[in-house]
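**Q** Got a structure for you, start_33.json, holding JSON, C-alpha atoms.
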[["chain", "number", "residue", "atom", "x", "y", "z"],
["Z", 1, "MET", "CA", 115.08, 145.94, 76.54],
["Z", 2, "ILE", "CA", 117.84, 146.63, 74.06],
["Z", 3, "LEU", "CA", 117.07, 149.75, 72.01],
["Z", 4, "TYR", "CA", 117.04, 148.20, 68.54],
["Z", 5, "LYS", "CA", 114.57, 145.56, 69.71],
["Z", 6, "GLN", "CA", 112.17, 148.30, 70.81],
["Z", 7, "PHE", "CA", 112.05, 149.31, 67.16],
["Z", 8, "GLY", "CA", 111.45, 145.72, 66.04],
["Z", 9, "LEU", "CA", 114.83, 145.53, 64.31],
["Z", 10, "SER", "CA", 117.29, 142.68, 64.05],
["Z", 11, "ALA", "CA", 120.86, 143.16, 65.21],
["Z", 12, "ARG", "CA", 121.91, 143.15, 61.54],
["Z", 13, "GLU", "CA", 119.42, 145.92, 60.65],
["Z", 14, "ALA", "CA", 120.56, 148.00, 63.62],
["Z", 15, "ALA", "CA", 124.19, 147.51, 62.58],
["Z", 16, "GLU", "CA", 123.52, 148.56, 58.98],
["Z", 17, "ILE", "CA", 121.62, 151.66, 60.06],
["Z", 18, "THR", "CA", 124.32, 152.60, 62.57],
["Z", 19, "ALA", "CA", 127.00, 152.15, 59.89],
["Z", 20, "ASP", "CA", 125.08, 154.53, 57.61],
["Z", 21, "VAL", "CA", 124.82, 157.05, 60.43],
["Z", 22, "VAL", "CA", 128.55, 156.81, 61.16],
["Z", 23, "GLU", "CA", 129.22, 157.40, 57.47],
["Z", 24, "ILE", "CA", 126.95, 160.47, 57.46],
["Z", 25, "ILE", "CA", 128.83, 161.89, 60.44],
["Z", 26, "ARG", "CA", 132.25, 161.04, 58.98],
["Z", 27, "ARG", "CA", 131.34, 162.72, 55.69],
["Z", 28, "ARG", "CA", 129.97, 165.70, 57.64],
["Z", 29, "LEU", "CA", 126.87, 165.85, 55.50],
["Z", 30, "GLU", "CA", 124.75, 168.95, 55.88],
["Z", 31, "ASP", "CA", 121.42, 168.34, 57.60],
["Z", 32, "ASN", "CA", 119.40, 168.47, 54.40],
["Z", 33, "LYS", "CA", 121.70, 165.94, 52.69],
["Z", 34, "ALA", "CA", 121.66, 163.64, 55.72],
["Z", 35, "VAL", "CA", 117.85, 163.75, 55.86],
["Z", 36, "GLU", "CA", 117.61, 163.14, 52.13],
["Z", 37, "TYR", "CA", 119.94, 160.14, 52.39],
["Z", 38, "LEU", "CA", 118.11, 158.62, 55.37],
["Z", 39, "ARG", "CA", 114.68, 159.13, 53.76],
["Z", 40, "TYR", "CA", 115.92, 157.41, 50.61],
["Z", 41, "ARG", "CA", 117.32, 154.44, 52.54],
["Z", 42, "TYR", "CA", 114.76, 153.96, 55.31],
["Z", 43, "SER", "CA", 111.16, 154.40, 56.36],
["Z", 44, "GLY", "CA", 109.01, 153.62, 59.38],
["Z", 45, "GLU", "CA", 110.74, 152.22, 62.44],
["Z", 46, "LYS", "CA", 114.10, 152.00, 60.66],
["Z", 47, "LEU", "CA", 114.00, 155.72, 59.88],
["Z", 48, "LEU", "CA", 113.08, 156.52, 63.48],
["Z", 49, "PHE", "CA", 115.97, 154.39, 64.73],
["Z", 50, "ALA", "CA", 118.36, 156.08, 62.28],
["Z", 51, "ILE", "CA", 117.28, 159.55, 63.42],
["Z", 52, "LEU", "CA", 117.73, 158.61, 67.06],
["Z", 53, "MET", "CA", 121.16, 157.14, 66.36],
["Z", 54, "ILE", "CA", 122.33, 160.16, 64.39],
["Z", 55, "GLY", "CA", 121.36, 162.40, 67.28],
["Z", 56, "ARG", "CA", 123.14, 160.25, 69.83],
["Z", 57, "LEU", "CA", 126.31, 159.70, 67.82],
["Z", 58, "THR", "CA", 126.54, 163.31, 66.69],
["Z", 59, "GLY", "CA", 126.21, 164.46, 70.28],
["Z", 60, "MET", "CA", 128.94, 162.10, 71.44],
["Z", 61, "SER", "CA", 131.18, 163.10, 68.54],
["Z", 62, "LEU", "CA", 130.68, 166.79, 69.29],
["Z", 63, "ALA", "CA", 131.40, 166.30, 72.97],
["Z", 64, "LEU", "CA", 134.66, 164.52, 72.16],
["Z", 65, "GLN", "CA", 135.81, 167.00, 69.51],
["Z", 66, "ASP", "CA", 134.73, 170.34, 71.00],
["Z", 67, "VAL", "CA", 134.34, 170.28, 74.77],
["Z", 68, "GLU", "CA", 133.58, 174.00, 75.04],
["Z", 69, "ARG", "CA", 130.81, 173.85, 72.46],
["Z", 70, "ALA", "CA", 129.38, 170.78, 74.18],
["Z", 71, "LYS", "CA", 129.36, 172.71, 77.48],
["Z", 72, "MET", "CA", 127.44, 175.54, 75.80],
["Z", 73, "ILE", "CA", 124.85, 173.09, 74.48],
["Z", 74, "VAL", "CA", 124.43, 171.52, 77.91],
["Z", 75, "ALA", "CA", 124.07, 174.96, 79.49],
["Z", 76, "ASP", "CA", 121.40, 175.92, 76.96],
["Z", 77, "PHE", "CA", 119.56, 172.67, 77.57],
["Z", 78, "SER", "CA", 119.71, 173.35, 81.31],
["Z", 79, "ARG", "CA", 118.15, 176.76, 80.62],
["Z", 80, "LEU", "CA", 115.29, 175.07, 78.75],
["Z", 81, "ILE", "CA", 114.70, 172.60, 81.57],
["Z", 82, "LYS", "CA", 114.58, 175.48, 84.07],
["Z", 83, "ILE", "CA", 111.99, 177.30, 81.93],
["Z", 84, "LEU", "CA", 109.90, 174.12, 81.69],
["Z", 85, "GLU", "CA", 110.02, 173.55, 85.44],
["Z", 86, "GLU", "CA", 109.36, 177.16, 86.42],
["Z", 87, "LYS", "CA", 106.99, 178.39, 83.70],
["Z", 88, "GLY", "CA", 105.53, 175.25, 82.17],
["Z", 89, "LYS", "CA", 105.48, 173.64, 78.77],
["Z", 90, "GLU", "CA", 103.32, 176.26, 77.02],
["Z", 91, "GLU", "CA", 105.73, 179.06, 77.95],
["Z", 92, "LEU", "CA", 108.67, 176.91, 76.86],
["Z", 93, "VAL", "CA", 106.98, 176.37, 73.48],
["Z", 94, "LYS", "CA", 106.47, 180.14, 73.10],
["Z", 95, "ILE", "CA", 110.09, 180.89, 73.94],
["Z", 96, "LEU", "CA", 111.41, 178.19, 71.62],
["Z", 97, "GLU", "CA", 109.16, 179.32, 68.77],
["Z", 98, "LYS", "CA", 110.39, 182.89, 69.17],
["Z", 99, "GLU", "CA", 114.04, 181.79, 69.21],
["Z", 100, "ILE", "CA", 113.58, 179.54, 66.18],
["Z", 101, "LEU", "CA", 111.92, 182.32, 64.20],
["Z", 102, "GLU", "CA", 114.60, 184.82, 65.22],
["Z", 103, "GLU", "CA", 117.32, 182.40, 64.13],
["Z", 104, "THR", "CA", 115.54, 181.80, 60.82],
["Z", 105, "TYR", "CA", 115.13, 185.54, 60.25],
["Z", 106, "ALA", "CA", 118.79, 186.21, 61.05],
["Z", 107, "GLU", "CA", 119.87, 183.46, 58.66],
["Z", 108, "GLU", "CA", 117.70, 184.86, 55.87],
["Z", 109, "GLU", "CA", 119.06, 188.35, 56.46],
["Z", 110, "PHE", "CA", 122.60, 186.97, 56.35],
["Z", 111, "LYS", "CA", 121.88, 185.22, 53.03],
["Z", 112, "ARG", "CA", 120.36, 188.39, 51.57],
["Z", 113, "GLY", "CA", 123.52, 190.27, 52.43],
["Z", 114, "TYR", "CA", 125.57, 187.88, 50.33],
["Z", 115, "VAL", "CA", 123.22, 187.45, 47.37]]
Kindly return the structure encoded in the file as structure tokens.

**A**
Amino acid sequence: MILYKQFGLSAREAAEITADVVEIIRRRLEDNKAVEYLRYRYSGEKLLFAILMIGRLTGMSLALQDVERAKMIVADFSRLIKILEEKGKEELVKILEKEILEETYAEEEFKRGYV
């Protein structure tokens, strides 16, 4: 089945949502602004479709614009798959939680240094 139909959308609705997503990417909105915009415009299945589309189109755009960065992302994803296969989902969750918290802490420390 065609993706937009799985969300119960018409072709017109899917086109409008995709156009908004393309605009978000073209304008290079920060994540918080993109989320704010999408939440304002959509809810329910339309919001889910928009989020899926922004992920797909951003990934394709990144891969076309910065091949080396795209390779790094794929390598990291491969690392996560290996952890899942070898150590299981619970261990993957623990590792990801630790990495997310470390990244958040580092970002906060960076901001404190400039405030």

**Q** One decimal, in Å: what's the spacing between CA of Ala34 (chain Z) and CA of Glu16 (chain Z)?

**A**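 So the two atoms, CA of Ala34 (chain Z) and CA of Glu16 (chain Z), lie 15.5 Å apart.
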
**Q** As AutoDock Vina command-line options, what would the box around region 8-11 of chain Z look like: edges along x, y and z, 6 Å added on every side, centre and edge lengths in Å to one decimal?

**A**
--center_x 116.2 --center_y 144.2 --center_z 65.0 --size_x 21.4 --size_y 15.0 --size_z 14.0

**Q** Give me, as number ranges by chain, all polymer residues having an atom no more than 10 Å from Glu45 (chain Z), counting all atoms listed in the file and skipping those fewer than 3 positions away in the same chain.

**A** Z: 4, 6-9, 42, 48-51

**Q** Pick the closest to Glu36 (chain Z) from Z:Lys94, Z:Phe77, Z:Ile24, Z:Ala14: which is it, counting all atoms listed in the file?

**A**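 That would be Z:Ile24, the residue with the smallest distance to Glu36 (chain Z).
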
**Q** When you draw a straight line from CA of Glu108 (chain Z) to CA of Asp31 (chain Z), how long is it in Å?

**A** 17.0 Å

**Q** As an exercise, work out the distance from CA of Ser61 (chain Z) to CA of Arg28 (chain Z) in Å and give it to one decimal place.

**A**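 According to the coordinates, CA of Ser61 (chain Z) and CA of Arg28 (chain Z) are separated by 11.3 Å.
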